[in-house]
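Asks: The structure is given below, and queries will be raised subsequently.
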Amino acid sequence: MFSSMNAIVPMACVFAAGIAAMLAEAFRAPGERMPIGPLGIIGLIGASVATFLLWDRNTASFGVVVADNFGLFVTWILIIVGVLSIALSGPVVEREGLPLGEYYALMLFALGGMILMATATDLLVIFLALEVMSLAVYVLTGIRRDRPVASEAAMKYFLLGAFASSFFLYGIALTYGVTGSTSLTQIGAMIAAQSMHPAPLQLMAMGLLLVGFAFKVAAVPFHMWTPDAYEGAPPPVTGFMSTGVKAAAFAAFARVFLSAYEPLRADWAPIIWAIAAATMILGTVVGVAQSSLKRMLAYSSIAHGGYLLAALLAANDLGKGAILFYLLTYAVTNLGAFGLIGLIESRERPNDQFKDYAGLWNQHPVLAGLMAMFLLSLGGFPPFGGFIAKYYVFMATISAGYTWLAIIGVLTSVVSVFFYLRVIVMMYMTPNNEPIRVPAVPAIAALALLASAVLVLYLGILPAQVMDWAAASISTIF
Amino acid sequence: MPFPILTALIALPIVGALALLAFKDDHEHESIIRNAALGVSLLVFAVTVLLWAQFDSSSAEFQLVERHAWIPAFGIGYAVGVDGISLLLIVLTGFLTPIALLCSWESVHKKLRAFCMVVLLLESAMIGVFVSLDLFLFYVFWDAMLIPMYFLIGIWGYDRRIYASIKFLLYTMAGSVLMLLAILGMAGLYATATGRYSFDLLELYTLTVPSHLQFWFFLAFALAFAIKVPLFPFHTWLPDAHVEAPTAGSVILAGVLLKMGTYGLLRFAFPLFPEAAAYFAPYLALLAVIGIIYGALVAMVQPDMKKLVAYSSVSHLGFVVLGITAMNTHGVQGAVYQMLNHGISTGGLFLIVGMLSDRRHTRLISEYGGLKHVTPRLVAAFLIITLASIGLPGLNGFVGEFLILLGAFAWNPTLAAFAATGVILSATYMLWMFQRVNYGPITEKNKALPDLKPREWALLIPVIALSIVMGVLPNLFLKPMGPSIERLLSQLKQGSSVQAHVPSTPTNSDISLAQTRGGN
């Protein structure tokens, strides 16, 4: 009888670790140092073992959660996101005096929600997962309570997020009204049967769901919260939400639109085309004007959302894997970059502005080298993962016939190179008056950075294996 | 399995660069790092010479080909090989890299280890560009090369280095991303025709691209290469990059990087899209001729020696493009020959300018004068290289320019006539610069300048020797390219519907003709 629960084991491991973290916090004497972070990592290792065992089995639980390879691949991405985020959080949590147990517990709960979101096959469960994830992330955004900018960010994120959630919920309600079900399979069957003449209500339902997803993936014009939230949150949290939330939301987005709403492709494709183009253009153009590193990376993350949307749109035979490969590459790269920001900044030096990085190379060549590598990968230079990921997306876009979208994509990626280079100019080519002092990097954080760097290089130089996995796993959903 | 010599050529500089990490980047280890880097680059040069020795000059095919699957799902492979067109460019790369390292011996002290690593990584990427037989692999090297060059200009350059380095990178990238899309389009087209993807150049050569697509694909490729060459009006990044780059950067930039544009035209843009190439050739040629004259005129009024040499590059590379667009034996032979010449003579000029500016810390022509009496040996070397650059018979520049004009004349006498004025103009601006720097009264500041040091001898002797050898024995260099060029031309002829454009000239006699002329 337990076999019916197999599909939720990875998620259960993560939630169990989250609960353990909360309990540990409850029993922690004030001032006592407890290895709560490593505890979370143990939970994630458990989840990854479970994911490994579930691979290729296509098990389902309760009819609403399915551990197909697509969901498991995203789960893996999320586990990597979780491990790297926790490993890179240590120094920041300590420096900022953040509540240890709450911080990690929230992160783990959010992660559990994300995994649920990636594996759910029922709109209501997706909504549930969305809320589990979002509530935890709202709190994490504002966890530096003593900072006005953090509170503002959390408030903004929460208010806009709540609106988006209600749009999403409304979309579910309308979908139910039209099809009489919230299960993706049945919705798909119903829509396919009447796809020739979709009811106006159905299109409205689709539009509302689209708004909900677009908000979570920070697509234009629903991106307004992103720069503020990214700036206000502690850097590892920003890294966590810019990659984890995106991965989970895109997983559900792909599942809903490529399976249930696939029959209505003719209706949603032009909308996503326009959103993707606008997202790429706005993300890069506004990114150029930034002088704060975090805001710049926020806009860069918006732009990367645009590439992912292009991949979603072009999810033909060839580009099936593009979205997953891109999510993975983007996750390790961006986490590395935000992790570095977290390590380099200190309480006195918020390291918000580009100029705070002047001459970093002189004192810390390794950190500067890693940062340069992550930024160049984000900019899409070979031999880093970002290049292959972008190539994959453009290949899919072109062969799906969206040539103009591909042209917009490559041109915006050139523009984006400009702002990544500005940081490199600061680190390498600008002399600094006072040397930057970076506190000693703890071993676990160093290991996490090294792992991201190795992954970025691996995905850039030997991508074939992961590409095959990505292509094979997404074919389980459509 | 034969020894993978091309892979070794790509890998060796990378391994060398990583090995440099073993030394601490401080003052004590400076000379070890310098010597190790120089040793690696000399080793690479030795391997390139070995490659030349192994190369079968009578064959038109790609040789020493290595193929491995890389991303099989898309038919992307690691495919490298060399033919007569790329062979000498690889040797040129191997030749100029040690020179670039050696010329920075005294001028670069800041972050020396990183400097040497960047130069070696750059060499690896440059060789990769010339040996790639897979379009995707080619693009990877093409793009990867930008990063070390960017750092080279941006960190070790002069005052406006940041502006120049970003401009260099963005210009090149903006041109090349559209080429990436065209490459992807080609692979897609191949898949429609055969049912599987392929980025393999030799397989894509067999594809007949529909006319309207040829048009767009050729434009995308040509834009990328035209920016790199740089062809007028895409040249504006070049003076900035050259002037602000350190001497090593200028030598590599002028010597090798610019050749990638013309090499790309020859290897990819023309043979892949012969119909579009025939259609666009007159326009490219027109731009090339405008570039020849414009570059020369602008060079004439430059107060800064480095800028003058930079604009002279625009003019000289215009000749190369003109030779390519003529699409006949003389023109293409001359173009490839001129690529090598320009690498050597302009590289040499940048070395000389670098030596002068190491001594006086200025590159303004007006600051110099009368050097003939102060540094006679330096001036003698300067003279030979200047004459080589102008195209004096007996030196290398003559052979290339002569062949190009011959080829261009057979195709379009008007364009050739205008281009020929570039030869005269180049004599004007180069000799005028030479006169102002080396003759006339000696100013106070120039009185105590030291003459050539042993290290500088070591830099200039190979350059001068090669200029003379290439001027006197052109056949040595023309012979290996001959068959490959013929293959290329027949490929163009077959693919192009405009038959009249490609005149059929006898081939064997041409080479010997060129030799006798060059030898005079």
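Ligands are numbered from 1 in the order shown, residues from 1 within each chain, and chains are lettered A, B, ... in the order they appear in the structure tokens.
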Which residues, written as a ChimeraX atom specification, have at least one atom at most 9 Å from range 71-81 of chain B, with only C-alpha atoms counted and residues fewer than 5 positions away on the same chain left out?

Replies: /A:318,462-465,467-468 /B:6-7,62-66,86,128,130-137,187,196-201

Asks: Go ahead and write the residues just picked, C-alpha atoms, as a tab-separated table (two decimals), in the first residue's frame.

Replies:
```
chain	number	residue	atom	x	y	z
A	318	LEU	CA	14.23	19.34	-31.08
A	462	LEU	CA	30.62	18.17	-22.47
A	463	PRO	CA	26.92	18.93	-22.67
A	464	ALA	CA	25.84	15.91	-24.72
A	465	GLN	CA	24.89	13.64	-21.83
A	467	MET	CA	21.19	17.33	-23.20
A	468	ASP	CA	20.11	13.79	-23.89
B	6	LEU	CA	45.93	19.43	-34.63
B	7	THR	CA	44.38	18.59	-31.30
B	62	PHE	CA	41.63	18.42	-45.89
B	63	GLN	CA	44.44	16.59	-44.21
B	64	LEU	CA	45.19	15.26	-40.76
B	65	VAL	CA	41.47	15.22	-40.16
B	66	GLU	CA	40.23	14.17	-36.75
B	86	SER	CA	44.57	27.29	-43.35
B	128	GLY	CA	41.02	26.40	-33.17
B	130	PHE	CA	41.69	27.92	-38.35
B	131	VAL	CA	41.41	24.16	-37.97
B	132	SER	CA	37.69	23.74	-37.27
B	133	LEU	CA	35.79	21.75	-39.86
B	134	ASP	CA	32.58	21.88	-37.90
B	135	LEU	CA	30.61	25.09	-38.01
B	136	PHE	CA	29.57	24.88	-34.41
B	137	LEU	CA	33.10	24.20	-33.24
B	187	ALA	CA	21.92	22.72	-39.87
B	196	ARG	CA	19.51	14.39	-39.54
B	197	TYR	CA	21.30	17.43	-38.26
B	198	SER	CA	24.84	18.17	-39.20
B	199	PHE	CA	27.24	21.03	-38.61
B	200	ASP	CA	30.03	19.33	-40.50
B	201	LEU	CA	31.46	21.72	-43.04
```

Asks: May I have the residues within 6 Å of range 450-458 of chain A as number ranges by chain, using only C-alpha atoms and disregarding those fewer than 5 positions away in the same chain?

Replies: A: 332, 336, 384-385

Asks: Counting only C-alpha atoms, collect the residues of chain B whose closest atom lies at most 8 Å from chain A, and write them out as a PDB file with N, CA and C atoms, in the first residue's frame.

Replies:
```pdb
ATOM      1  N   TRP B  70      30.580  15.009 -30.612  1.00  0.00           N
ATOM      2  CA  TRP B  70      30.618  15.897 -29.457  1.00  0.00           C
ATOM      3  C   TRP B  70      29.204  16.009 -28.884  1.00  0.00           C
ATOM      4  N   ILE B  71      28.286  16.545 -29.682  1.00  0.00           N
ATOM      5  CA  ILE B  71      26.894  16.549 -29.252  1.00  0.00           C
ATOM      6  C   ILE B  71      26.135  15.802 -30.332  1.00  0.00           C
ATOM      7  N   PRO B  72      26.111  14.489 -30.235  1.00  0.00           N
ATOM      8  CA  PRO B  72      25.594  13.680 -31.344  1.00  0.00           C
ATOM      9  C   PRO B  72      24.138  13.997 -31.675  1.00  0.00           C
ATOM     10  N   ALA B  73      23.356  14.391 -30.680  1.00  0.00           N
ATOM     11  CA  ALA B  73      21.942  14.634 -30.940  1.00  0.00           C
ATOM     12  C   ALA B  73      21.752  15.672 -32.042  1.00  0.00           C
ATOM     13  N   VAL B 140      32.376  28.286 -31.708  1.00  0.00           N
ATOM     14  CA  VAL B 140      32.825  28.253 -30.313  1.00  0.00           C
ATOM     15  C   VAL B 140      34.192  28.919 -30.191  1.00  0.00           C
ATOM     16  N   PHE B 141      35.107  28.546 -31.066  1.00  0.00           N
ATOM     17  CA  PHE B 141      36.439  29.152 -30.988  1.00  0.00           C
ATOM     18  C   PHE B 141      36.380  30.635 -31.337  1.00  0.00           C
ATOM     19  N   ASP B 143      34.037  32.761 -30.876  1.00  0.00           N
ATOM     20  CA  ASP B 143      33.523  33.535 -29.757  1.00  0.00           C
ATOM     21  C   ASP B 143      34.457  33.470 -28.558  1.00  0.00           C
ATOM     22  N   ALA B 144      35.014  32.290 -28.327  1.00  0.00           N
ATOM     23  CA  ALA B 144      35.864  32.122 -27.151  1.00  0.00           C
ATOM     24  C   ALA B 144      37.100  33.005 -27.261  1.00  0.00           C
ATOM     25  N   GLY B 154      41.924  45.266 -22.349  1.00  0.00           N
ATOM     26  CA  GLY B 154      41.334  45.974 -21.220  1.00  0.00           C
ATOM     27  C   GLY B 154      42.249  46.094 -20.016  1.00  0.00           C
ATOM     28  N   ILE B 155      43.111  45.120 -19.793  1.00  0.00           N
ATOM     29  CA  ILE B 155      43.951  45.178 -18.595  1.00  0.00           C
ATOM     30  C   ILE B 155      45.310  45.790 -18.888  1.00  0.00           C
ATOM     31  N   ILE B 162      39.547  50.620 -21.715  1.00  0.00           N
ATOM     32  CA  ILE B 162      38.261  50.006 -21.378  1.00  0.00           C
ATOM     33  C   ILE B 162      37.256  50.251 -22.484  1.00  0.00           C
ATOM     34  N   ILE B 166      35.753  47.147 -24.813  1.00  0.00           N
ATOM     35  CA  ILE B 166      34.317  46.846 -24.880  1.00  0.00           C
ATOM     36  C   ILE B 166      33.806  47.033 -26.298  1.00  0.00           C
ATOM     37  N   LEU B 170      31.948  44.112 -28.329  1.00  0.00           N
ATOM     38  CA  LEU B 170      30.542  44.233 -28.726  1.00  0.00           C
ATOM     39  C   LEU B 170      30.392  44.247 -30.243  1.00  0.00           C
ATOM     40  N   MET B 173      30.918  40.742 -31.507  1.00  0.00           N
ATOM     41  CA  MET B 173      29.856  39.841 -31.117  1.00  0.00           C
ATOM     42  C   MET B 173      28.570  40.153 -31.863  1.00  0.00           C
ATOM     43  N   ALA B 174      28.279  41.436 -31.991  1.00  0.00           N
ATOM     44  CA  ALA B 174      27.045  41.805 -32.673  1.00  0.00           C
ATOM     45  C   ALA B 174      27.038  41.224 -34.079  1.00  0.00           C
ATOM     46  N   VAL B 177      26.686  37.005 -33.803  1.00  0.00           N
ATOM     47  CA  VAL B 177      25.507  36.255 -33.348  1.00  0.00           C
ATOM     48  C   VAL B 177      24.557  35.960 -34.495  1.00  0.00           C
ATOM     49  N   LEU B 178      24.482  36.870 -35.458  1.00  0.00           N
ATOM     50  CA  LEU B 178      23.596  36.583 -36.592  1.00  0.00           C
ATOM     51  C   LEU B 178      24.159  35.433 -37.411  1.00  0.00           C
ATOM     52  N   LEU B 181      22.951  32.303 -35.950  1.00  0.00           N
ATOM     53  CA  LEU B 181      21.610  31.931 -36.410  1.00  0.00           C
ATOM     54  C   LEU B 181      21.662  31.327 -37.801  1.00  0.00           C
ATOM     55  N   LEU B 184      22.789  27.836 -37.515  1.00  0.00           N
ATOM     56  CA  LEU B 184      21.695  26.973 -37.065  1.00  0.00           C
ATOM     57  C   LEU B 184      20.715  26.725 -38.203  1.00  0.00           C
ATOM     58  N   GLY B 185      20.469  27.760 -38.981  1.00  0.00           N
ATOM     59  CA  GLY B 185      19.568  27.597 -40.116  1.00  0.00           C
ATOM     60  C   GLY B 185      20.102  26.579 -41.109  1.00  0.00           C
ATOM     61  N   GLY B 188      19.542  23.179 -39.819  1.00  0.00           N
ATOM     62  CA  GLY B 188      18.146  22.827 -39.967  1.00  0.00           C
ATOM     63  C   GLY B 188      17.813  22.432 -41.400  1.00  0.00           C
TER      64      GLY B 188
END
```

Asks: Calculate how many Å separate CA of Val256 in chain A from CA of Leu184 in chain A, rounding to one decimal.

Replies: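 Going from CA of Val256 in chain A over to CA of Leu184 in chain A covers 6.9 Å.
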
Asks: Which residues come within 6 Å of range 220-228 of chain A, counting only C-alpha atoms, excluding same-chain residues fewer than 2 positions away, as a list in words?

Replies: Ala153, Tyr157, Phe215, Ala218, Tyr230, Glu231, Thr279, Arg295 and Ala298 of chain A

Asks: How about saving the chosen residues, N, CA and C atoms kept, as a PDB file, in the first residue's frame?

Replies:
```
ATOM      1  N   ALA A 153      10.743  45.335   0.048  1.00  0.00           N
ATOM      2  CA  ALA A 153      10.806  44.309  -0.987  1.00  0.00           C
ATOM      3  C   ALA A 153       9.792  43.214  -0.704  1.00  0.00           C
ATOM      4  N   TYR A 157       6.588  42.344  -2.999  1.00  0.00           N
ATOM      5  CA  TYR A 157       6.541  40.996  -3.561  1.00  0.00           C
ATOM      6  C   TYR A 157       5.256  40.303  -3.139  1.00  0.00           C
ATOM      7  N   PHE A 215       3.718  36.021 -13.853  1.00  0.00           N
ATOM      8  CA  PHE A 215       4.174  36.737 -12.670  1.00  0.00           C
ATOM      9  C   PHE A 215       5.288  35.961 -11.973  1.00  0.00           C
ATOM     10  N   ALA A 218       8.504  36.109 -13.664  1.00  0.00           N
ATOM     11  CA  ALA A 218       8.957  37.488 -13.850  1.00  0.00           C
ATOM     12  C   ALA A 218       9.027  37.879 -15.324  1.00  0.00           C
ATOM     13  N   TYR A 230      14.760  41.352  -5.465  1.00  0.00           N
ATOM     14  CA  TYR A 230      16.119  40.826  -5.570  1.00  0.00           C
ATOM     15  C   TYR A 230      17.099  41.691  -4.795  1.00  0.00           C
ATOM     16  N   GLU A 231      16.810  42.976  -4.766  1.00  0.00           N
ATOM     17  CA  GLU A 231      17.734  43.860  -4.077  1.00  0.00           C
ATOM     18  C   GLU A 231      17.572  43.750  -2.569  1.00  0.00           C
ATOM     19  N   THR A 279      10.002  40.497 -22.842  1.00  0.00           N
ATOM     20  CA  THR A 279      10.799  40.183 -21.664  1.00  0.00           C
ATOM     21  C   THR A 279      12.296  40.265 -21.984  1.00  0.00           C
ATOM     22  N   ARG A 295      20.539  44.778  -8.864  1.00  0.00           N
ATOM     23  CA  ARG A 295      19.456  45.164  -9.780  1.00  0.00           C
ATOM     24  C   ARG A 295      19.793  44.739 -11.198  1.00  0.00           C
ATOM     25  N   ALA A 298      19.052  41.295 -11.454  1.00  0.00           N
ATOM     26  CA  ALA A 298      17.604  41.111 -11.475  1.00  0.00           C
ATOM     27  C   ALA A 298      17.087  41.262 -12.902  1.00  0.00           C
TER      28      ALA A 298
END
```

Asks: Between A:Ala315, A:Met5, A:Met11, A:Ala252, which residue has the minimum interatomic distance to Val49 in chain A, considering only C-alpha atoms?

Replies: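 Closest residue, counting only C-alpha atoms: A:Met11.
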
Asks: Find the residues near Val211 in chain A: any atom within 9 Å, counting only C-alpha atoms, skip ones fewer than 5 places away on the same chain, and give them as an NGL selection string.

Replies: :A and (164 or 167-168 or 206 or 216 or 222)

Asks: Export, as a PDB file, in the first residue's frame, the selected residues with N, CA and C atoms.

Replies:
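again_26.pdb, written as the output of this step:
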```
ATOM      1  N   ALA A 164      -1.367  38.023  -8.176  1.00  0.00           N
ATOM      2  CA  ALA A 164      -1.109  37.027  -9.221  1.00  0.00           C
ATOM      3  C   ALA A 164      -1.726  35.695  -8.838  1.00  0.00           C
ATOM      4  N   PHE A 167      -5.342  35.760  -9.527  1.00  0.00           N
ATOM      5  CA  PHE A 167      -5.586  35.573 -10.965  1.00  0.00           C
ATOM      6  C   PHE A 167      -5.522  34.095 -11.318  1.00  0.00           C
ATOM      7  N   PHE A 168      -4.478  33.473 -10.798  1.00  0.00           N
ATOM      8  CA  PHE A 168      -4.238  32.062 -11.099  1.00  0.00           C
ATOM      9  C   PHE A 168      -5.421  31.217 -10.632  1.00  0.00           C
ATOM     10  N   MET A 206      -7.504  30.449 -19.736  1.00  0.00           N
ATOM     11  CA  MET A 206      -6.117  30.286 -20.149  1.00  0.00           C
ATOM     12  C   MET A 206      -5.332  31.569 -19.896  1.00  0.00           C
ATOM     13  N   LYS A 216       5.080  34.673 -11.819  1.00  0.00           N
ATOM     14  CA  LYS A 216       6.071  33.891 -11.067  1.00  0.00           C
ATOM     15  C   LYS A 216       7.394  33.788 -11.819  1.00  0.00           C
ATOM     16  N   PHE A 222       4.784  41.616 -16.063  1.00  0.00           N
ATOM     17  CA  PHE A 222       4.512  41.255 -14.657  1.00  0.00           C
ATOM     18  C   PHE A 222       5.807  41.121 -13.865  1.00  0.00           C
TER      19      PHE A 222
END
```

Asks: Just want the 8 Å neighbourhood of range 294-310 of chain B, counted on only C-alpha atoms, with same-chain residues fewer than 2 positions away dropped. Output as a list in words.

Replies: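 The residues that qualify are Leu238, Pro239, His242, Val243, Ile290, Gly291, Ile292, Ser312, Ser313, Val314, Ser315, Thr346, Leu349, Phe350, Val353, Arg363, Leu364, Ile365, Ser366, Gly422, Leu425, Ser426, Thr428, Tyr429, Met430 and Met433 of chain B.
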
Asks: Using only C-alpha atoms, which residues sit within 6 Å of Leu108 in chain A once same-chain residues fewer than 3 positions away are excluded, as a list of chain:residue names?

Replies: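 Those residues are A:Gly18, A:Ala105, A:Leu111.
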
Asks: Can you write just those residues out, N, CA and C atoms, as a PDB file, in the first residue's frame?

Replies:
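Below is the file selection08.pdb, written as the result:
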```
ATOM      1  N   GLY A  18      12.821  20.173   6.664  1.00  0.00           N
ATOM      2  CA  GLY A  18      12.346  21.485   7.088  1.00  0.00           C
ATOM      3  C   GLY A  18      11.764  21.441   8.487  1.00  0.00           C
ATOM      4  N   ALA A 105      14.623  26.490   7.610  1.00  0.00           N
ATOM      5  CA  ALA A 105      13.329  25.818   7.519  1.00  0.00           C
ATOM      6  C   ALA A 105      12.504  26.417   6.389  1.00  0.00           C
ATOM      7  N   LEU A 111      11.418  24.899  -0.942  1.00  0.00           N
ATOM      8  CA  LEU A 111      11.930  23.893  -1.865  1.00  0.00           C
ATOM      9  C   LEU A 111      10.931  22.746  -2.016  1.00  0.00           C
TER      10      LEU A 111
END
```
